[in-house]
>>> print(open('coords16.cif').read())   # mmCIF, C-alpha atoms
data_my_file
loop_
_atom_site.label_atom_id
_atom_site.label_comp_id
_atom_site.auth_asym_id
_atom_site.auth_seq_id
_atom_site.Cartn_x
_atom_site.Cartn_y
_atom_site.Cartn_z
CA MET A 1 -61.60 -9.59 -10.36
CA SER A 2 -60.56 -5.94 -9.99
CA PRO A 3 -56.84 -5.07 -9.97
CA PHE A 4 -55.78 -5.39 -6.35
CA LEU A 5 -54.44 -1.83 -6.02
CA THR A 6 -57.58 -0.13 -7.30
CA GLY A 7 -58.17 3.05 -5.34
CA LYS A 8 -54.69 3.00 -3.79
CA THR A 9 -51.94 5.61 -4.20
CA VAL A 10 -48.36 4.38 -4.53
CA LEU A 11 -45.27 6.57 -4.23
CA LEU A 12 -42.13 5.51 -6.13
CA THR A 13 -38.95 7.04 -4.71
CA ARG A 14 -36.39 5.66 -7.18
CA PRO A 15 -34.46 7.93 -9.55
CA ARG A 16 -36.82 9.29 -12.17
CA ARG A 17 -35.72 7.11 -15.11
CA GLN A 18 -36.12 3.88 -13.15
CA ALA A 19 -39.35 5.01 -11.50
CA ALA A 20 -40.86 5.73 -14.92
CA GLU A 21 -39.98 2.17 -15.98
CA SER A 22 -41.64 0.73 -12.86
CA ARG A 23 -44.77 2.87 -13.04
CA PRO A 24 -46.74 0.66 -15.51
CA LEU A 25 -46.46 -2.36 -13.16
CA PHE A 26 -48.49 -0.59 -10.49
CA GLU A 27 -50.85 1.19 -12.87
CA ALA A 28 -51.74 -2.20 -14.34
CA GLU A 29 -52.95 -3.17 -10.86
CA GLY A 30 -55.16 -0.09 -10.62
CA ALA A 31 -52.91 2.17 -8.53
CA LYS A 32 -52.51 5.89 -8.86
CA VAL A 33 -48.73 6.26 -9.11
CA LEU A 34 -46.72 9.23 -7.88
CA ILE A 35 -42.99 9.72 -8.40
CA GLN A 36 -40.74 11.59 -5.99
CA PRO A 37 -37.07 10.70 -6.37
CA VAL A 38 -34.91 11.31 -3.32
CA GLN A 39 -31.81 11.36 -5.52
CA GLU A 40 -31.00 12.22 -9.09
CA ILE A 41 -28.48 9.92 -10.75
CA LEU A 42 -25.97 11.65 -13.03
CA PRO A 43 -22.90 10.48 -14.94
CA ALA A 44 -19.60 10.72 -13.09
CA GLU A 45 -18.00 14.13 -13.41
CA THR A 46 -14.66 12.59 -14.30
CA LEU A 47 -13.83 9.12 -15.57
CA ASP A 48 -10.30 7.76 -15.80
CA PRO A 49 -10.02 6.62 -19.44
CA GLY A 50 -7.39 4.10 -18.42
CA VAL A 51 -9.92 2.08 -16.41
CA ILE A 52 -11.99 1.43 -19.53
CA ALA A 53 -9.10 1.17 -21.98
CA PRO A 54 -9.21 -2.01 -24.10
CA GLU A 55 -6.18 -3.43 -22.28
CA ALA A 56 -7.88 -2.87 -18.91
CA LEU A 57 -10.95 -4.80 -20.07
CA ARG A 58 -8.81 -7.61 -21.45
CA ALA A 59 -7.15 -7.92 -18.03
CA ALA A 60 -10.48 -8.43 -16.23
CA ASP A 61 -11.54 -11.98 -15.42
CA CYS A 62 -14.97 -10.73 -14.32
CA VAL A 63 -16.86 -7.43 -14.42
CA ILE A 64 -19.13 -6.86 -11.42
CA PHE A 65 -22.22 -4.65 -11.58
CA SER A 66 -23.72 -3.55 -8.28
CA SER A 67 -26.74 -1.72 -9.72
CA ALA A 68 -28.79 -1.16 -12.85
CA ASN A 69 -27.56 2.45 -12.82
CA GLY A 70 -24.01 1.15 -13.01
CA VAL A 71 -24.91 -0.89 -16.10
CA PHE A 72 -26.54 2.08 -17.83
CA PHE A 73 -23.74 4.56 -17.24
CA PHE A 74 -20.93 2.04 -17.85
CA LEU A 75 -22.35 1.09 -21.23
CA GLU A 76 -22.81 4.78 -22.07
CA ALA A 77 -19.14 5.38 -21.19
CA LEU A 78 -18.01 2.45 -23.34
CA ARG A 79 -20.07 3.65 -26.30
CA ALA A 80 -18.57 7.11 -26.05
CA ALA A 81 -15.02 5.76 -25.67
CA ASP A 82 -15.47 3.35 -28.59
CA ARG A 83 -15.42 6.29 -30.99
CA ASP A 84 -11.66 5.71 -31.01
CA GLY A 85 -12.27 2.27 -32.54
CA GLY A 86 -11.18 0.40 -29.40
CA GLY A 87 -13.99 -2.17 -29.56
CA ARG A 88 -14.70 -2.06 -25.83
CA LEU A 89 -18.30 -3.26 -26.12
CA ILE A 90 -17.12 -6.24 -28.15
CA LEU A 91 -14.51 -7.02 -25.51
CA LEU A 92 -17.12 -6.82 -22.76
CA ARG A 93 -19.13 -9.58 -24.43
CA LYS A 94 -16.17 -11.93 -23.94
CA ILE A 95 -15.84 -11.33 -20.19
CA PRO A 96 -17.92 -13.12 -17.51
CA LEU A 97 -20.33 -10.66 -15.92
CA ALA A 98 -21.72 -10.67 -12.37
CA ALA A 99 -24.90 -8.78 -11.39
CA VAL A 100 -26.03 -8.05 -7.84
CA GLY A 101 -29.64 -9.05 -8.56
CA PRO A 102 -32.35 -9.69 -11.15
CA GLY A 103 -32.95 -6.00 -11.89
CA THR A 104 -29.29 -5.44 -12.72
CA GLU A 105 -29.23 -8.65 -14.73
CA ARG A 106 -32.27 -7.48 -16.69
CA GLU A 107 -30.57 -4.19 -17.56
CA LEU A 108 -27.62 -6.14 -18.99
CA ASN A 109 -29.90 -8.57 -20.83
CA ARG A 110 -31.77 -5.66 -22.43
CA ALA A 111 -28.45 -4.42 -23.80
CA GLY A 112 -27.71 -7.87 -25.22
CA PHE A 113 -25.29 -9.13 -22.57
CA HIS A 114 -25.35 -12.52 -20.86
CA VAL A 115 -24.82 -12.60 -17.10
CA SER A 116 -22.83 -15.48 -15.62
CA VAL A 117 -23.35 -14.81 -11.91
CA VAL A 118 -26.37 -13.58 -9.92
CA PRO A 119 -26.04 -14.39 -6.19
CA PRO A 120 -28.96 -15.87 -4.22
CA LEU A 121 -28.52 -13.01 -1.72
CA HIS A 122 -28.93 -9.82 -3.74
CA SER A 123 -26.33 -7.67 -2.03
CA ALA A 124 -22.61 -6.92 -1.98
CA GLU A 125 -22.26 -9.67 0.62
CA GLY A 126 -24.01 -12.08 -1.74
CA LEU A 127 -21.68 -11.17 -4.60
CA LEU A 128 -18.66 -11.58 -2.35
CA ASP A 129 -19.82 -15.00 -1.22
CA VAL A 130 -20.15 -16.38 -4.75
CA LEU A 131 -16.96 -14.75 -6.07
CA LYS A 132 -14.63 -15.59 -3.19
CA GLU A 133 -13.47 -18.84 -4.74
CA GLU A 134 -12.46 -17.05 -7.94
CA ALA A 135 -10.64 -14.47 -5.82
CA ARG A 136 -8.70 -17.24 -4.08
CA ARG A 137 -7.42 -18.25 -7.51
CA GLY A 138 -5.96 -14.79 -7.93
CA LYS A 139 -8.54 -13.55 -10.44
CA HIS A 140 -8.79 -9.88 -11.38
CA PHE A 141 -12.14 -8.11 -11.07
CA LEU A 142 -13.48 -4.84 -12.41
CA SER A 143 -16.19 -3.47 -10.14
CA VAL A 144 -18.63 -0.94 -11.65
CA ARG A 145 -20.32 1.27 -9.06
CA GLY A 146 -21.50 4.74 -8.10
CA ASP A 147 -19.71 7.37 -6.07
CA ARG A 148 -21.28 6.19 -2.82
CA GLY A 149 -21.61 2.83 -1.19
CA ARG A 150 -19.78 0.34 0.96
CA ASN A 151 -16.38 -1.28 0.40
CA VAL A 152 -17.58 -4.83 1.03
CA LEU A 153 -16.54 -6.16 -2.38
CA LYS A 154 -13.23 -4.34 -2.64
CA GLU A 155 -12.06 -5.37 0.81
CA GLY A 156 -13.50 -8.89 0.72
CA LEU A 157 -12.17 -9.91 -2.69
CA ALA A 158 -8.73 -8.46 -1.92
CA ALA A 159 -8.65 -10.30 1.42
CA ALA A 160 -9.49 -13.55 -0.39
CA GLY A 161 -6.50 -13.11 -2.71
CA GLY A 162 -8.02 -11.44 -5.76
CA SER A 163 -7.20 -8.08 -7.28
CA ILE A 164 -9.89 -5.51 -7.99
CA ALA A 165 -10.16 -2.25 -9.89
CA GLU A 166 -13.13 -0.02 -9.14
CA ILE A 167 -14.75 2.42 -11.53
CA SER A 168 -17.30 4.99 -10.42
CA VAL A 169 -19.51 5.69 -13.42
CA TYR A 170 -22.30 7.70 -11.78
CA ARG A 171 -22.95 10.06 -8.92
CA ALA A 172 -25.99 10.59 -6.75
CA GLU A 173 -27.19 14.09 -5.92
CA GLU A 174 -29.76 14.56 -3.18
CA ILE A 175 -33.09 16.15 -4.00
CA LYS A 176 -33.22 19.10 -1.64
CA LYS A 177 -36.95 19.83 -1.74
CA PRO A 178 -39.80 17.42 -2.54
CA ASP A 179 -42.81 18.33 -4.67
CA ALA A 180 -45.22 20.38 -2.55
CA GLU A 181 -48.27 18.35 -3.60
CA ILE A 182 -46.61 15.08 -2.66
CA VAL A 183 -45.67 16.55 0.72
CA ARG A 184 -49.31 17.57 1.22
CA LEU A 185 -50.57 14.11 0.32
CA MET A 186 -48.02 12.45 2.59
CA ASP A 187 -48.88 14.77 5.49
CA SER A 188 -52.59 14.04 5.07
CA GLY A 189 -52.12 10.27 4.94
CA LYS A 190 -53.32 9.95 1.35
CA ILE A 191 -50.33 7.98 0.07
CA ASP A 192 -51.11 4.35 0.82
CA TYR A 193 -47.75 2.76 -0.03
CA THR A 194 -44.25 4.22 -0.28
CA LEU A 195 -41.67 1.99 -1.97
CA VAL A 196 -38.08 2.16 -0.72
CA THR A 197 -35.50 0.51 -2.95
CA SER A 198 -32.12 0.98 -1.23
CA SER A 199 -30.47 2.06 1.99
CA ALA A 200 -29.63 5.42 0.38
CA THR A 201 -33.28 5.81 -0.61
CA ALA A 202 -34.30 4.98 2.96
CA ALA A 203 -32.13 7.83 4.23
CA GLY A 204 -33.60 10.07 1.54
CA VAL A 205 -37.27 9.46 2.34
CA VAL A 206 -36.59 10.07 6.03
CA ARG A 207 -34.80 13.31 5.15
CA LEU A 208 -37.60 14.53 2.85
CA PHE A 209 -40.68 13.40 4.77
CA GLY A 210 -39.66 12.77 8.38
CA LYS A 211 -42.52 11.93 10.76
CA SER A 212 -45.07 12.04 7.94
CA LEU A 213 -43.79 8.57 6.99
CA CYS A 214 -45.90 7.28 9.89
CA ARG A 215 -48.94 8.10 7.71
CA THR A 216 -47.94 5.80 4.84
CA THR A 217 -47.14 2.09 4.61
CA LEU A 218 -43.47 1.53 3.81
CA VAL A 219 -42.41 -1.32 1.53
CA SER A 220 -38.76 -2.42 1.53
CA ILE A 221 -36.94 -4.07 -1.36
CA SER A 222 -34.50 -6.06 0.80
CA PRO A 223 -33.40 -6.89 4.35
CA LEU A 224 -30.59 -4.31 4.11
CA THR A 225 -33.07 -1.59 3.16
CA GLY A 226 -35.47 -2.80 5.81
CA THR A 227 -32.75 -2.52 8.44
CA ALA A 228 -31.95 1.03 7.33
CA LEU A 229 -35.60 2.02 7.71
CA LYS A 230 -35.93 0.32 11.08
CA GLU A 231 -32.79 1.98 12.42
CA ALA A 232 -34.15 5.36 11.28
CA GLY A 233 -37.30 4.71 13.31
CA TYR A 234 -39.66 3.93 10.40
CA PRO A 235 -39.88 0.14 9.96
CA ALA A 236 -41.30 -1.26 6.75
CA ALA A 237 -44.61 -3.10 6.94
CA PHE A 238 -43.76 -5.29 3.93
CA GLN A 239 -40.55 -6.59 2.38
CA ALA A 240 -39.96 -8.15 -1.03
CA ALA A 241 -38.96 -11.80 -1.11
CA GLU A 242 -36.97 -11.06 -4.29
CA ALA A 243 -35.02 -7.79 -4.31
CA THR A 244 -36.80 -6.26 -7.30
CA VAL A 245 -39.67 -3.85 -7.81
CA GLU A 246 -41.68 -6.82 -9.06
CA GLY A 247 -40.89 -8.50 -5.74
CA MET A 248 -42.26 -5.48 -3.90
CA LEU A 249 -45.43 -5.64 -5.95
CA ASP A 250 -45.76 -9.34 -5.11
CA ALA A 251 -45.33 -8.55 -1.40
CA LEU A 252 -48.28 -6.19 -1.61
CA ARG A 253 -50.31 -8.71 -3.57
CA ARG A 254 -49.70 -11.41 -0.94
CA ALA A 255 -50.71 -8.99 1.80
#
>>> encode(input="coords16.cif", output="structure tokens")
Amino acid sequence: MSPFLTGKTVLLTRPRRQAAESRPLFEAEGAKVLIQPVQEILPAETLDPGVIAPEALRAADCVIFSSANGVFFFLEALRAADRDGGGRLILLRKIPLAAVGPGTERELNRAGFHVSVVPPLHSAEGLLDVLKEEARRGKHFLSVRGDRGRNVLKEGLAAAGGSIAEISVYRAEEIKKPDAEIVRLMDSGKIDYTLVTSSATAAGVVRLFGKSLCRTTLVSISPLTGTALKEAGYPAAFQAAEATVEGMLDALRRA
């Protein structure tokens, strides 16, 4: 049997590093894969050293990761800070870790860390739901995130009785102008599937491609992303059952 995406063109819109990691999954199914990030992900311009001081890590009852990017840049920050001999990476191995979904969990696993909590609903609301009981016991959380995003965790855990420190370890910068060839292919309807992996990415593809999105089939990673696309006027045709790129691939396979 031929790979099911033979002859199809797939556009990945994730940040370049993550898109490059996902590319082989689709190429293995016969697709021609294009990459057009809508954002570049960069390390935070400033990082309060006190938030990742050894004593701050010791005070955390749980470290929460809301994205794979957060894992990558947090671990990079700890490695750099550990030049002072503070042993932050060793301390992190002793703290329960929570990941928003399987992709974030995988990023931690690749770095040798065990994840204690992955919510059934892969979102901030899902994390809040499974961590509320710990918050009611007065636990202290360290939330690792980017410079954008909602305050669902911070407000919800505090309301439940927990305390939470947030650390922004990366920033997102919008791509101002897409690749001209990708624009041409999108305009001419030659991109079969466009994968959208977050609400921010949904806003980005609409900004970059506008009405040309009507000439491609949009695939959403989650209900939250699907809602963002629908509200922008470009509903997704397919949605992943599991909020991962592999889940998006499975959605296409089932279709």
>>> residues_near_point(input="coords16.cif", point="(-15.4, -6.9, -14.7)", cutoff="7 Å", atoms="all atoms listed in the file", output="count of residues only")
9
>>> residues_around(input="coords16.cif", residues="Ile164 in chain A", least_positions_apart="4", cutoff="12 Å", atoms="all atoms listed in the file", output="ChimeraX atom specification")
/A:51,56,59-64,131,134-135,138-144,151-160
>>> resolve_selection(input="coords16.cif", expression="the PyMOL selection byres ((chain A and resi 12-18) around 6)", output="PDB file with C-alpha atoms, keeping the file's coordinate frame")
ATOM      1  CA  LEU A  11     -45.270   6.570  -4.230  1.00  0.00           C
ATOM      2  CA  ALA A  19     -39.350   5.010 -11.500  1.00  0.00           C
ATOM      3  CA  ALA A  20     -40.860   5.730 -14.920  1.00  0.00           C
ATOM      4  CA  GLU A  21     -39.980   2.170 -15.980  1.00  0.00           C
ATOM      5  CA  ILE A  35     -42.990   9.720  -8.400  1.00  0.00           C
ATOM      6  CA  GLN A  36     -40.740  11.590  -5.990  1.00  0.00           C
ATOM      7  CA  PRO A  37     -37.070  10.700  -6.370  1.00  0.00           C
ATOM      8  CA  GLN A  39     -31.810  11.360  -5.520  1.00  0.00           C
ATOM      9  CA  GLU A  40     -31.000  12.220  -9.090  1.00  0.00           C
ATOM     10  CA  LEU A 195     -41.670   1.990  -1.970  1.00  0.00           C
TER      11      LEU A 195
END
>>> closest_residue(input="coords16.cif", among="A:Tyr193, A:Phe73, A:Tyr170, A:Phe65", to="Leu249 in chain A", atoms="all atoms listed in the file")
A:Tyr193
>>> resolve_selection(input="coords16.cif", expression="the PyMOL selection byres ((chain A and resi 32) around 8)", output="list in words")
Gly7, Lys8, Thr9, Val10, Phe26, Glu27, Gly30, Ala31, Val33 and Leu34 of chain A
>>> closest_residue(input="coords16.cif", among="A:Ser2, A:Asn109, A:Ser222, A:Ser168", to="Gly70 in chain A", atoms="only C-alpha atoms")
A:Ser168
>>> closest_residue(input="coords16.cif", among="A:Phe238, A:Arg215, A:Ala99, A:Val115", to="Arg184 in chain A", atoms="all atoms listed in the file")
A:Arg215
>>> residues_around(input="coords16.cif", residues="Leu89 in chain A", least_positions_apart="4", cutoff="8 Å", atoms="all atoms listed in the file", output="PDB file with C-alpha atoms, keeping the file's coordinate frame")
ATOM      1  CA  LEU A  75     -22.350   1.090 -21.230  1.00  0.00           C
ATOM      2  CA  LEU A  78     -18.010   2.450 -23.340  1.00  0.00           C
ATOM      3  CA  ARG A  79     -20.070   3.650 -26.300  1.00  0.00           C
ATOM      4  CA  ASP A  82     -15.470   3.350 -28.590  1.00  0.00           C
ATOM      5  CA  ARG A  93     -19.130  -9.580 -24.430  1.00  0.00           C
TER       6      ARG A  93
END
>>> atom_distance(input="coords16.cif", atom1="CA of Val38 in chain A", atom2="CA of Val100 in chain A")
21.8 Å
>>> closest_atom_pairs(input="coords16.cif", of="range 37-138 of chain A", to="range 244-247 of chain A", cutoff="12 Å", atoms="all atoms listed in the file", output="tab-separated table")
residue	atom	partner	partner_atom	distance
A:Ser67	CA	A:Thr244	CA	11.3
A:Ala68	CA	A:Thr244	CA	11.0
A:Val100	CA	A:Thr244	CA	10.9
A:Gly101	CA	A:Thr244	CA	7.8
A:Pro102	CA	A:Thr244	CA	6.8
A:Gly103	CA	A:Thr244	CA	6.0
A:Thr104	CA	A:Thr244	CA	9.3
A:Glu105	CA	A:Thr244	CA	10.9
A:Arg106	CA	A:Thr244	CA	10.5
A:His122	CA	A:Thr244	CA	9.3
A:Ser123	CA	A:Thr244	CA	11.8
>>> axis_aligned_box(input="coords16.cif", around="range 128-147 of chain A", padding_each_side="3 Å", output="lines of an AutoDock Vina configuration file")
center_x = -13.7
center_y = -5.7
center_z = -6.8
size_x = 21.5
size_y = 32.2
size_z = 17.2
>>> residues_around(input="coords16.cif", residues="Ala28 in chain A", least_positions_apart="4", cutoff="10 Å", atoms="all atoms listed in the file", output="ChimeraX atom specification")
/A:3-6,23-24,32
>>> closest_residue(input="coords16.cif", among="A:Ala228, A:Ile52, A:Leu218, A:Ala240", to="Gly86 in chain A", atoms="all atoms listed in the file")
A:Ile52
>>> atom_distance(input="coords16.cif", atom1="CA of Ile90 in chain A", atom2="CA of Leu121 in chain A")
29.6 Å
>>> resolve_selection(input="coords16.cif", expression="the PyMOL selection byres ((chain A and resi 233) around 10)", output="PyMOL selection string")
chain A and resi 206+210-211+213-214+227-232+234-236
>>> build_atoms(input="coords16.cif", residues="range 60-72 of chain A", atoms="N, CA, C and O atoms", output="mmCIF file, keeping the file's coordinate frame")
data_model
loop_
_atom_site.group_PDB
_atom_site.id
_atom_site.type_symbol
_atom_site.label_atom_id
_atom_site.label_comp_id
_atom_site.auth_asym_id
_atom_site.auth_seq_id
_atom_site.Cartn_x
_atom_site.Cartn_y
_atom_site.Cartn_z
ATOM 1 N N ALA A 60 -9.446 -8.077 -17.210
ATOM 2 C CA ALA A 60 -10.480 -8.430 -16.230
ATOM 3 C C ALA A 60 -10.964 -9.860 -16.441
ATOM 4 O O ALA A 60 -11.324 -10.246 -17.556
ATOM 5 N N ASP A 61 -10.978 -10.628 -15.367
ATOM 6 C CA ASP A 61 -11.540 -11.980 -15.420
ATOM 7 C C ASP A 61 -13.050 -11.958 -15.178
ATOM 8 O O ASP A 61 -13.747 -12.912 -15.517
ATOM 9 N N CYS A 62 -13.541 -10.874 -14.588
ATOM 10 C CA CYS A 62 -14.970 -10.730 -14.320
ATOM 11 C C CYS A 62 -15.268 -9.254 -14.119
ATOM 12 O O CYS A 62 -14.484 -8.540 -13.476
ATOM 13 N N VAL A 63 -16.391 -8.798 -14.668
ATOM 14 C CA VAL A 63 -16.860 -7.430 -14.420
ATOM 15 C C VAL A 63 -18.092 -7.531 -13.537
ATOM 16 O O VAL A 63 -19.039 -8.262 -13.851
ATOM 17 N N ILE A 64 -18.075 -6.787 -12.432
ATOM 18 C CA ILE A 64 -19.130 -6.860 -11.420
ATOM 19 C C ILE A 64 -19.979 -5.598 -11.490
ATOM 20 O O ILE A 64 -19.453 -4.482 -11.443
ATOM 21 N N PHE A 65 -21.289 -5.780 -11.568
ATOM 22 C CA PHE A 65 -22.220 -4.650 -11.580
ATOM 23 C C PHE A 65 -23.065 -4.690 -10.315
ATOM 24 O O PHE A 65 -23.775 -5.660 -10.065
ATOM 25 N N SER A 66 -23.003 -3.608 -9.547
ATOM 26 C CA SER A 66 -23.720 -3.550 -8.280
ATOM 27 C C SER A 66 -25.075 -2.869 -8.368
ATOM 28 O O SER A 66 -25.779 -2.768 -7.365
ATOM 29 N N SER A 67 -25.438 -2.380 -9.560
ATOM 30 C CA SER A 67 -26.740 -1.720 -9.720
ATOM 31 C C SER A 67 -27.067 -1.589 -11.189
ATOM 32 O O SER A 67 -26.178 -1.618 -12.057
ATOM 33 N N ALA A 68 -28.358 -1.412 -11.476
ATOM 34 C CA ALA A 68 -28.790 -1.160 -12.850
ATOM 35 C C ALA A 68 -28.251 0.188 -13.340
ATOM 36 O O ALA A 68 -27.921 0.339 -14.528
ATOM 37 N N ASN A 69 -28.138 1.170 -12.431
ATOM 38 C CA ASN A 69 -27.560 2.450 -12.820
ATOM 39 C C ASN A 69 -26.114 2.276 -13.285
ATOM 40 O O ASN A 69 -25.666 2.923 -14.235
ATOM 41 N N GLY A 70 -25.385 1.416 -12.605
ATOM 42 C CA GLY A 70 -24.010 1.150 -13.010
ATOM 43 C C GLY A 70 -23.948 0.589 -14.417
ATOM 44 O O GLY A 70 -23.080 0.968 -15.220
ATOM 45 N N VAL A 71 -24.862 -0.324 -14.742
ATOM 46 C CA VAL A 71 -24.910 -0.890 -16.100
ATOM 47 C C VAL A 71 -25.145 0.218 -17.116
ATOM 48 O O VAL A 71 -24.422 0.347 -18.114
ATOM 49 N N PHE A 72 -26.166 1.032 -16.874
ATOM 50 C CA PHE A 72 -26.540 2.080 -17.830
ATOM 51 C C PHE A 72 -25.385 3.028 -18.105
ATOM 52 O O PHE A 72 -25.026 3.279 -19.254
#
